[in-house]
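Visitor: Provided below: coords-v1.pdb, containing PDB, C-alpha atoms.
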```pdb
ATOM      1  CA  MET L   1       0.000   0.000   0.000  1.00  0.00           C
ATOM      2  CA  ARG L   2       1.291   3.448  -0.934  1.00  0.00           C
ATOM      3  CA  ASN L   3       0.322   6.097   1.577  1.00  0.00           C
ATOM      4  CA  ARG L   4      -0.895   9.105  -0.373  1.00  0.00           C
ATOM      5  CA  THR L   5      -3.852  11.186   0.580  1.00  0.00           C
ATOM      6  CA  VAL L   6      -6.730  10.714  -1.836  1.00  0.00           C
ATOM      7  CA  PHE L   7      -8.702  13.910  -2.320  1.00  0.00           C
ATOM      8  CA  VAL L   8     -11.509  14.209  -4.882  1.00  0.00           C
ATOM      9  CA  GLU L   9     -13.062  17.603  -5.537  1.00  0.00           C
ATOM     10  CA  GLU L  10     -15.834  18.954  -7.713  1.00  0.00           C
ATOM     11  CA  TYR L  11     -14.986  19.769 -11.320  1.00  0.00           C
ATOM     12  CA  ASP L  12     -12.980  22.953 -11.739  1.00  0.00           C
ATOM     13  CA  PRO L  13     -13.564  24.804 -15.031  1.00  0.00           C
ATOM     14  CA  ALA L  14      -9.935  26.003 -14.836  1.00  0.00           C
ATOM     15  CA  TRP L  15      -8.601  22.481 -15.481  1.00  0.00           C
ATOM     16  CA  PRO L  16      -8.732  22.743 -19.312  1.00  0.00           C
ATOM     17  CA  ARG L  17      -6.794  26.019 -19.111  1.00  0.00           C
ATOM     18  CA  ASP L  18      -4.274  24.439 -16.756  1.00  0.00           C
ATOM     19  CA  PHE L  19      -3.833  21.570 -19.226  1.00  0.00           C
ATOM     20  CA  GLU L  20      -3.306  23.996 -22.095  1.00  0.00           C
ATOM     21  CA  LEU L  21      -0.607  25.882 -20.183  1.00  0.00           C
ATOM     22  CA  LEU L  22       1.203  22.618 -19.476  1.00  0.00           C
ATOM     23  CA  ARG L  23       0.762  21.460 -23.078  1.00  0.00           C
ATOM     24  CA  GLN L  24       2.249  24.707 -24.365  1.00  0.00           C
ATOM     25  CA  ARG L  25       5.334  24.130 -22.236  1.00  0.00           C
ATOM     26  CA  ILE L  26       6.107  20.671 -23.654  1.00  0.00           C
ATOM     27  CA  TRP L  27       4.812  20.980 -27.222  1.00  0.00           C
ATOM     28  CA  PRO L  28       7.845  22.894 -28.564  1.00  0.00           C
ATOM     29  CA  GLN L  29      10.043  20.024 -27.335  1.00  0.00           C
ATOM     30  CA  LEU L  30       7.872  17.337 -28.942  1.00  0.00           C
ATOM     31  CA  ALA L  31       6.347  18.972 -32.037  1.00  0.00           C
ATOM     32  CA  ASP L  32       8.497  17.027 -34.485  1.00  0.00           C
ATOM     33  CA  VAL L  33       8.043  13.635 -32.769  1.00  0.00           C
ATOM     34  CA  ALA L  34       4.551  13.763 -31.257  1.00  0.00           C
ATOM     35  CA  LEU L  35       1.272  13.725 -33.104  1.00  0.00           C
ATOM     36  CA  ARG L  36      -0.573  15.526 -30.316  1.00  0.00           C
ATOM     37  CA  VAL L  37      -0.812  15.992 -26.558  1.00  0.00           C
ATOM     38  CA  GLU L  38      -4.131  14.818 -25.114  1.00  0.00           C
ATOM     39  CA  HIS L  39      -5.848  15.974 -21.932  1.00  0.00           C
ATOM     40  CA  VAL L  40      -6.940  12.675 -20.376  1.00  0.00           C
ATOM     41  CA  GLY L  41      -8.112  11.508 -16.995  1.00  0.00           C
ATOM     42  CA  SER L  42     -10.990  12.819 -14.955  1.00  0.00           C
ATOM     43  CA  THR L  43      -9.961  16.485 -15.157  1.00  0.00           C
ATOM     44  CA  SER L  44     -10.600  16.273 -18.917  1.00  0.00           C
ATOM     45  CA  VAL L  45     -14.317  15.493 -18.485  1.00  0.00           C
ATOM     46  CA  PRO L  46     -16.506  18.561 -17.855  1.00  0.00           C
ATOM     47  CA  GLY L  47     -18.518  18.170 -14.668  1.00  0.00           C
ATOM     48  CA  LEU L  48     -16.630  15.118 -13.386  1.00  0.00           C
ATOM     49  CA  ALA L  49     -15.328  15.192  -9.815  1.00  0.00           C
ATOM     50  CA  ALA L  50     -11.623  14.392  -9.761  1.00  0.00           C
ATOM     51  CA  LYS L  51      -8.363  14.458  -7.917  1.00  0.00           C
ATOM     52  CA  PRO L  52      -7.033  17.934  -8.883  1.00  0.00           C
ATOM     53  CA  ILE L  53      -4.139  16.507 -10.899  1.00  0.00           C
ATOM     54  CA  ILE L  54      -4.016  17.088 -14.658  1.00  0.00           C
ATOM     55  CA  ASP L  55      -3.308  13.942 -16.690  1.00  0.00           C
ATOM     56  CA  MET L  56      -1.810  14.399 -20.129  1.00  0.00           C
ATOM     57  CA  THR L  57      -0.500  12.020 -22.753  1.00  0.00           C
ATOM     58  CA  ALA L  58       1.892  12.856 -25.556  1.00  0.00           C
ATOM     59  CA  VAL L  59       0.976  10.544 -28.431  1.00  0.00           C
ATOM     60  CA  VAL L  60       3.891   9.625 -30.697  1.00  0.00           C
ATOM     61  CA  ALA L  61       3.684   7.909 -34.086  1.00  0.00           C
ATOM     62  CA  THR L  62       5.786   4.839 -33.272  1.00  0.00           C
ATOM     63  CA  ARG L  63       7.616   3.116 -30.452  1.00  0.00           C
ATOM     64  CA  ASP L  64      10.835   4.319 -32.093  1.00  0.00           C
ATOM     65  CA  ASP L  65       9.824   7.909 -31.226  1.00  0.00           C
ATOM     66  CA  VAL L  66       9.578   7.202 -27.499  1.00  0.00           C
ATOM     67  CA  PRO L  67      13.324   7.517 -26.660  1.00  0.00           C
ATOM     68  CA  THR L  68      13.487  10.889 -28.420  1.00  0.00           C
ATOM     69  CA  ALA L  69      10.427  12.098 -26.498  1.00  0.00           C
ATOM     70  CA  ILE L  70      11.995  10.943 -23.220  1.00  0.00           C
ATOM     71  CA  GLU L  71      15.205  12.826 -24.020  1.00  0.00           C
ATOM     72  CA  ARG L  72      13.362  16.000 -25.039  1.00  0.00           C
ATOM     73  CA  LEU L  73      11.184  15.998 -21.928  1.00  0.00           C
ATOM     74  CA  ALA L  74      14.265  15.560 -19.726  1.00  0.00           C
ATOM     75  CA  ALA L  75      15.635  18.754 -21.281  1.00  0.00           C
ATOM     76  CA  VAL L  76      12.726  20.719 -19.759  1.00  0.00           C
ATOM     77  CA  GLY L  77      12.898  19.082 -16.334  1.00  0.00           C
ATOM     78  CA  TYR L  78      10.731  15.953 -16.591  1.00  0.00           C
ATOM     79  CA  VAL L  79      12.112  12.835 -14.921  1.00  0.00           C
ATOM     80  CA  HIS L  80      11.408   9.557 -16.695  1.00  0.00           C
ATOM     81  CA  ARG L  81       9.975   6.928 -14.327  1.00  0.00           C
ATOM     82  CA  GLY L  82       9.679   4.031 -16.778  1.00  0.00           C
ATOM     83  CA  ASN L  83       6.442   2.354 -17.733  1.00  0.00           C
ATOM     84  CA  LEU L  84       5.384   1.592 -14.137  1.00  0.00           C
ATOM     85  CA  GLY L  85       4.217  -1.827 -15.284  1.00  0.00           C
ATOM     86  CA  ILE L  86       2.088  -0.611 -18.194  1.00  0.00           C
ATOM     87  CA  ASP L  87       3.408  -1.507 -21.649  1.00  0.00           C
ATOM     88  CA  ASP L  88       3.606   1.355 -24.151  1.00  0.00           C
ATOM     89  CA  ARG L  89       3.017   4.048 -21.523  1.00  0.00           C
ATOM     90  CA  GLU L  90       6.084   5.885 -20.247  1.00  0.00           C
ATOM     91  CA  ALA L  91       5.493   7.978 -17.110  1.00  0.00           C
ATOM     92  CA  PHE L  92       7.232  11.152 -15.940  1.00  0.00           C
ATOM     93  CA  ASP L  93       7.580  13.189 -12.766  1.00  0.00           C
ATOM     94  CA  HIS L  94       6.921  16.842 -13.501  1.00  0.00           C
ATOM     95  CA  PRO L  95       9.369  19.674 -12.841  1.00  0.00           C
ATOM     96  CA  VAL L  96       9.049  21.046  -9.320  1.00  0.00           C
ATOM     97  CA  ASP L  97       8.150  24.534 -10.554  1.00  0.00           C
ATOM     98  CA  LEU L  98       4.961  23.337 -12.256  1.00  0.00           C
ATOM     99  CA  ARG L  99       1.548  22.482 -10.830  1.00  0.00           C
ATOM    100  CA  ARG L 100       1.101  18.818 -10.002  1.00  0.00           C
ATOM    101  CA  HIS L 101       0.320  16.731 -13.068  1.00  0.00           C
ATOM    102  CA  ASN L 102       0.928  13.345 -14.632  1.00  0.00           C
ATOM    103  CA  LEU L 103       2.591  13.118 -18.032  1.00  0.00           C
ATOM    104  CA  TYR L 104       2.767  10.001 -20.177  1.00  0.00           C
ATOM    105  CA  VAL L 105       4.168   9.209 -23.610  1.00  0.00           C
ATOM    106  CA  CYS L 106       2.382   6.523 -25.622  1.00  0.00           C
ATOM    107  CA  PRO L 107       2.661   5.319 -29.219  1.00  0.00           C
ATOM    108  CA  VAL L 108      -0.551   5.910 -31.173  1.00  0.00           C
ATOM    109  CA  GLY L 109      -3.020   3.034 -31.152  1.00  0.00           C
ATOM    110  CA  THR L 110      -1.554   1.267 -28.121  1.00  0.00           C
ATOM    111  CA  ILE L 111      -3.736   0.264 -25.193  1.00  0.00           C
ATOM    112  CA  GLY L 112      -1.916   2.785 -22.968  1.00  0.00           C
ATOM    113  CA  VAL L 113      -3.603   5.649 -24.819  1.00  0.00           C
ATOM    114  CA  VAL L 114      -6.632   3.893 -26.357  1.00  0.00           C
ATOM    115  CA  ASN L 115      -8.198   3.208 -22.963  1.00  0.00           C
ATOM    116  CA  GLN L 116      -7.606   6.797 -21.753  1.00  0.00           C
ATOM    117  CA  ILE L 117      -9.249   8.340 -24.819  1.00  0.00           C
ATOM    118  CA  ALA L 118     -12.110   5.824 -24.856  1.00  0.00           C
ATOM    119  CA  VAL L 119     -13.085   6.496 -21.239  1.00  0.00           C
ATOM    120  CA  ARG L 120     -12.691  10.258 -21.613  1.00  0.00           C
ATOM    121  CA  ASP L 121     -14.769  10.449 -24.774  1.00  0.00           C
ATOM    122  CA  TYR L 122     -17.450   8.106 -23.449  1.00  0.00           C
ATOM    123  CA  LEU L 123     -17.858  10.094 -20.221  1.00  0.00           C
ATOM    124  CA  ARG L 124     -17.903  13.385 -22.126  1.00  0.00           C
ATOM    125  CA  GLY L 125     -20.783  12.040 -24.217  1.00  0.00           C
ATOM    126  CA  HIS L 126     -22.671  10.430 -21.322  1.00  0.00           C
ATOM    127  CA  PRO L 127     -22.925  12.898 -18.436  1.00  0.00           C
ATOM    128  CA  GLU L 128     -25.153  10.516 -16.462  1.00  0.00           C
ATOM    129  CA  HIS L 129     -22.295   7.995 -16.324  1.00  0.00           C
ATOM    130  CA  ALA L 130     -19.833  10.775 -15.497  1.00  0.00           C
ATOM    131  CA  ALA L 131     -22.043  11.764 -12.553  1.00  0.00           C
ATOM    132  CA  ARG L 132     -22.180   8.150 -11.323  1.00  0.00           C
ATOM    133  CA  TYR L 133     -18.434   7.857 -11.695  1.00  0.00           C
ATOM    134  CA  GLY L 134     -17.873  11.108  -9.799  1.00  0.00           C
ATOM    135  CA  ALA L 135     -20.065   9.862  -6.949  1.00  0.00           C
ATOM    136  CA  LEU L 136     -18.117   6.576  -6.835  1.00  0.00           C
ATOM    137  CA  LYS L 137     -14.796   8.438  -6.760  1.00  0.00           C
ATOM    138  CA  LYS L 138     -15.951  10.629  -3.849  1.00  0.00           C
ATOM    139  CA  GLN L 139     -17.218   7.586  -1.941  1.00  0.00           C
ATOM    140  CA  LEU L 140     -13.923   5.746  -2.465  1.00  0.00           C
ATOM    141  CA  ALA L 141     -11.882   8.813  -1.456  1.00  0.00           C
ATOM    142  CA  ASP L 142     -13.905   9.014   1.764  1.00  0.00           C
ATOM    143  CA  GLN L 143     -13.531   5.276   2.348  1.00  0.00           C
ATOM    144  CA  PHE L 144      -9.793   5.097   1.506  1.00  0.00           C
ATOM    145  CA  PRO L 145      -8.355   8.579   2.179  1.00  0.00           C
ATOM    146  CA  ASP L 146      -4.818   7.264   2.734  1.00  0.00           C
ATOM    147  CA  ASP L 147      -4.797   4.248   0.410  1.00  0.00           C
ATOM    148  CA  ILE L 148      -4.463   5.142  -3.280  1.00  0.00           C
ATOM    149  CA  ASP L 149      -4.260   1.479  -4.306  1.00  0.00           C
ATOM    150  CA  SER L 150      -7.631   0.609  -2.725  1.00  0.00           C
ATOM    151  CA  TYR L 151      -9.113   3.772  -4.232  1.00  0.00           C
ATOM    152  CA  VAL L 152      -7.936   2.741  -7.727  1.00  0.00           C
ATOM    153  CA  LEU L 153      -9.036  -0.867  -7.241  1.00  0.00           C
ATOM    154  CA  GLY L 154     -12.484   0.309  -6.186  1.00  0.00           C
ATOM    155  CA  LYS L 155     -12.894   2.115  -9.531  1.00  0.00           C
ATOM    156  CA  THR L 156     -11.753  -0.782 -11.715  1.00  0.00           C
ATOM    157  CA  ASP L 157     -15.084  -2.515 -12.380  1.00  0.00           C
ATOM    158  CA  PHE L 158     -16.761   0.775 -13.275  1.00  0.00           C
ATOM    159  CA  VAL L 159     -13.948   1.756 -15.645  1.00  0.00           C
ATOM    160  CA  LEU L 160     -13.939  -1.679 -17.294  1.00  0.00           C
ATOM    161  CA  GLU L 161     -17.672  -1.333 -17.885  1.00  0.00           C
ATOM    162  CA  ILE L 162     -17.139   2.093 -19.470  1.00  0.00           C
ATOM    163  CA  LEU L 163     -14.441   0.612 -21.719  1.00  0.00           C
ATOM    164  CA  ARG L 164     -16.883  -2.091 -22.832  1.00  0.00           C
ATOM    165  CA  ARG L 165     -19.570   0.514 -23.504  1.00  0.00           C
ATOM    166  CA  ALA L 166     -17.017   2.633 -25.378  1.00  0.00           C
ATOM    167  CA  GLY L 167     -16.411  -0.239 -27.776  1.00  0.00           C
ATOM    168  CA  LEU L 168     -13.099  -1.721 -26.755  1.00  0.00           C
ATOM    169  CA  THR L 169     -12.839  -5.292 -27.933  1.00  0.00           C
ATOM    170  CA  ALA L 170     -12.901  -8.296 -25.636  1.00  0.00           C
ATOM    171  CA  GLU L 171      -9.247  -8.812 -26.536  1.00  0.00           C
ATOM    172  CA  GLN L 172      -8.353  -5.245 -25.463  1.00  0.00           C
ATOM    173  CA  ILE L 173     -10.327  -5.570 -22.221  1.00  0.00           C
ATOM    174  CA  GLY L 174      -8.708  -8.955 -21.586  1.00  0.00           C
ATOM    175  CA  LYS L 175      -5.247  -7.456 -22.052  1.00  0.00           C
ATOM    176  CA  ILE L 176      -6.042  -4.717 -19.559  1.00  0.00           C
ATOM    177  CA  GLU L 177      -7.339  -7.256 -17.025  1.00  0.00           C
ATOM    178  CA  ARG L 178      -4.546  -9.791 -17.669  1.00  0.00           C
ATOM    179  CA  ASP L 179      -1.810  -7.246 -17.292  1.00  0.00           C
ATOM    180  CA  ASN L 180      -3.443  -5.972 -14.084  1.00  0.00           C
ATOM    181  CA  ARG L 181      -3.336  -2.475 -15.501  1.00  0.00           C
ATOM    182  CA  ARG L 182      -3.950   0.420 -13.178  1.00  0.00           C
ATOM    183  CA  LEU L 183      -6.935   2.237 -14.593  1.00  0.00           C
ATOM    184  CA  THR L 184      -6.094   5.762 -13.627  1.00  0.00           C
ATOM    185  CA  ILE L 185      -8.915   7.828 -15.050  1.00  0.00           C
TER
END
```
Would you write out, as structure tokens, the structure that this file holds?
Guide:
Amino acid sequence: MRNRTVFVEEYDPAWPRDFELLRQRIWPQLADVALRVEHVGSTSVPGLAAKPIIDMTAVVATRDDVPTAIERLAAVGYVHRGNLGIDDREAFDHPVDLRRHNLYVCPVGTIGVVNQIAVRDYLRGHPEHAARYGALKKQLADQFPDDIDSYVLGKTDFVLEILRRAGLTAEQIGKIERDNRRLTI
């Protein structure tokens, strides 16, 4: 168990702006290797309660582009943490002078980014499910305020159901379950 305080707050309309400011900082470093930088995670869904941490994913064209992205991000203060057990999703610690956020680099079309986009887009299009998910997140944060792993585990069934509704294949869902992927949205 990792001891980190779990705090979920109501949606903040400033989150998209905060994402854009962070995106603008890294885009010049990645513009020739990345296809785009996506705002993912709960802060990317209007109206969804979330931990106030921006999640963003730089999507690169191929796995061969990942080392260049890692090098470029290091040049602006990001510390590469490895894939943290999730294939095709490289994680970074942010520079200390920036607001707290999570940054990932994923090759296009890999499950590391497909699941993030699928959940985000589904919840954006189905506010009733976003509201249910927000309520679940608040309940879990109250139940497990100092246990991030139990908080994440408590969301897993809901997120897997959203992925099914969003159209991920049984093979994709099976890979996520088999690899015991942390579903972070």
Visitor: If you apply the PyMOL selection byres ((chain L and resi 62) around 12) to this file, what residues do you get, as a ChimeraX atom specification?
Guide: /L:33-35,58-61,63-69,88,105-110
Visitor: Take the PyMOL selection byres ((chain L and resi 117-124) around 9), apply it to the structure above, and return the hits as JSON, numbers by chain.
Guide: {"L": [38, 39, 40, 41, 42, 44, 45, 46, 47, 48, 113, 114, 115, 116, 125, 126, 127, 128, 129, 130, 131, 133, 159, 162, 163, 165, 166, 167, 168, 185]}
Visitor: Give me a file of those residues, with C-alpha atoms, as an mmCIF file, in the coordinates of the input.
Guide:
```
data_model
loop_
_atom_site.group_PDB
_atom_site.id
_atom_site.type_symbol
_atom_site.label_atom_id
_atom_site.label_comp_id
_atom_site.auth_asym_id
_atom_site.auth_seq_id
_atom_site.Cartn_x
_atom_site.Cartn_y
_atom_site.Cartn_z
ATOM 1 C CA GLU L 38 -4.131 14.818 -25.114
ATOM 2 C CA HIS L 39 -5.848 15.974 -21.932
ATOM 3 C CA VAL L 40 -6.940 12.675 -20.376
ATOM 4 C CA GLY L 41 -8.112 11.508 -16.995
ATOM 5 C CA SER L 42 -10.990 12.819 -14.955
ATOM 6 C CA SER L 44 -10.600 16.273 -18.917
ATOM 7 C CA VAL L 45 -14.317 15.493 -18.485
ATOM 8 C CA PRO L 46 -16.506 18.561 -17.855
ATOM 9 C CA GLY L 47 -18.518 18.170 -14.668
ATOM 10 C CA LEU L 48 -16.630 15.118 -13.386
ATOM 11 C CA VAL L 113 -3.603 5.649 -24.819
ATOM 12 C CA VAL L 114 -6.632 3.893 -26.357
ATOM 13 C CA ASN L 115 -8.198 3.208 -22.963
ATOM 14 C CA GLN L 116 -7.606 6.797 -21.753
ATOM 15 C CA GLY L 125 -20.783 12.040 -24.217
ATOM 16 C CA HIS L 126 -22.671 10.430 -21.322
ATOM 17 C CA PRO L 127 -22.925 12.898 -18.436
ATOM 18 C CA GLU L 128 -25.153 10.516 -16.462
ATOM 19 C CA HIS L 129 -22.295 7.995 -16.324
ATOM 20 C CA ALA L 130 -19.833 10.775 -15.497
ATOM 21 C CA ALA L 131 -22.043 11.764 -12.553
ATOM 22 C CA TYR L 133 -18.434 7.857 -11.695
ATOM 23 C CA VAL L 159 -13.948 1.756 -15.645
ATOM 24 C CA ILE L 162 -17.139 2.093 -19.470
ATOM 25 C CA LEU L 163 -14.441 0.612 -21.719
ATOM 26 C CA ARG L 165 -19.570 0.514 -23.504
ATOM 27 C CA ALA L 166 -17.017 2.633 -25.378
ATOM 28 C CA GLY L 167 -16.411 -0.239 -27.776
ATOM 29 C CA LEU L 168 -13.099 -1.721 -26.755
ATOM 30 C CA ILE L 185 -8.915 7.828 -15.050
#
```
Visitor: Hey, could you pull the box centre and edge lengths for segment 112-120 of chain L, axis-aligned, 4 Å padding per side, all listed atoms, to one decimal in Å, as AutoDock Vina command-line options?
Guide:
```
--center_x -7.5 --center_y 6.5 --center_z -23.8 --size_x 19.2 --size_y 15.5 --size_z 13.1
```
Visitor: Can you work out which one of L:Arg17, L:Asp87, L:Val79, L:Leu103 has the shortest atom-to-atom distance to Lys175 of chain L, counting only C-alpha atoms?
Guide: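 Of all the options, L:Asp87 lies closest to Lys175 of chain L.
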Visitor: Using all atoms listed in the file, which protein or nucleic acid residues come within 7 Å of segment 136-141 of chain L? Drop anything in the same chain fewer than 6 positions from it, and give the result as a compact mmCIF listing (two decimals) with C-alpha atoms, in the coordinates of the input.
Guide:
```
# COMPACT_ATOMS: atom_id res chain seq x y z
CA VAL L 6 -6.73 10.71 -1.84
CA PHE L 7 -8.70 13.91 -2.32
CA VAL L 8 -11.51 14.21 -4.88
CA TYR L 151 -9.11 3.77 -4.23
CA GLY L 154 -12.48 0.31 -6.19
```
Visitor: Could you tell me how far atom CA of Asp93 of chain L sits from atom CA of Ala49 of chain L, in Å to one decimal place?
Guide: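 Between atom CA of Ala49 of chain L and atom CA of Asp93 of chain L the gap is 23.2 Å.
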Visitor: Separation of atom CA of Leu21 of chain L and atom CA of Arg132 of chain L, in Å?
Guide: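 Pair atom CA of Leu21 of chain L / atom CA of Arg132 of chain L returns 29.3 Å.
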Visitor: Would you please work out which residue, of L:Asp32, L:Lys51, L:Asn102, L:Thr5, is nearest to Ser150 of chain L when using all atoms listed in the file?
Guide: L:Thr5
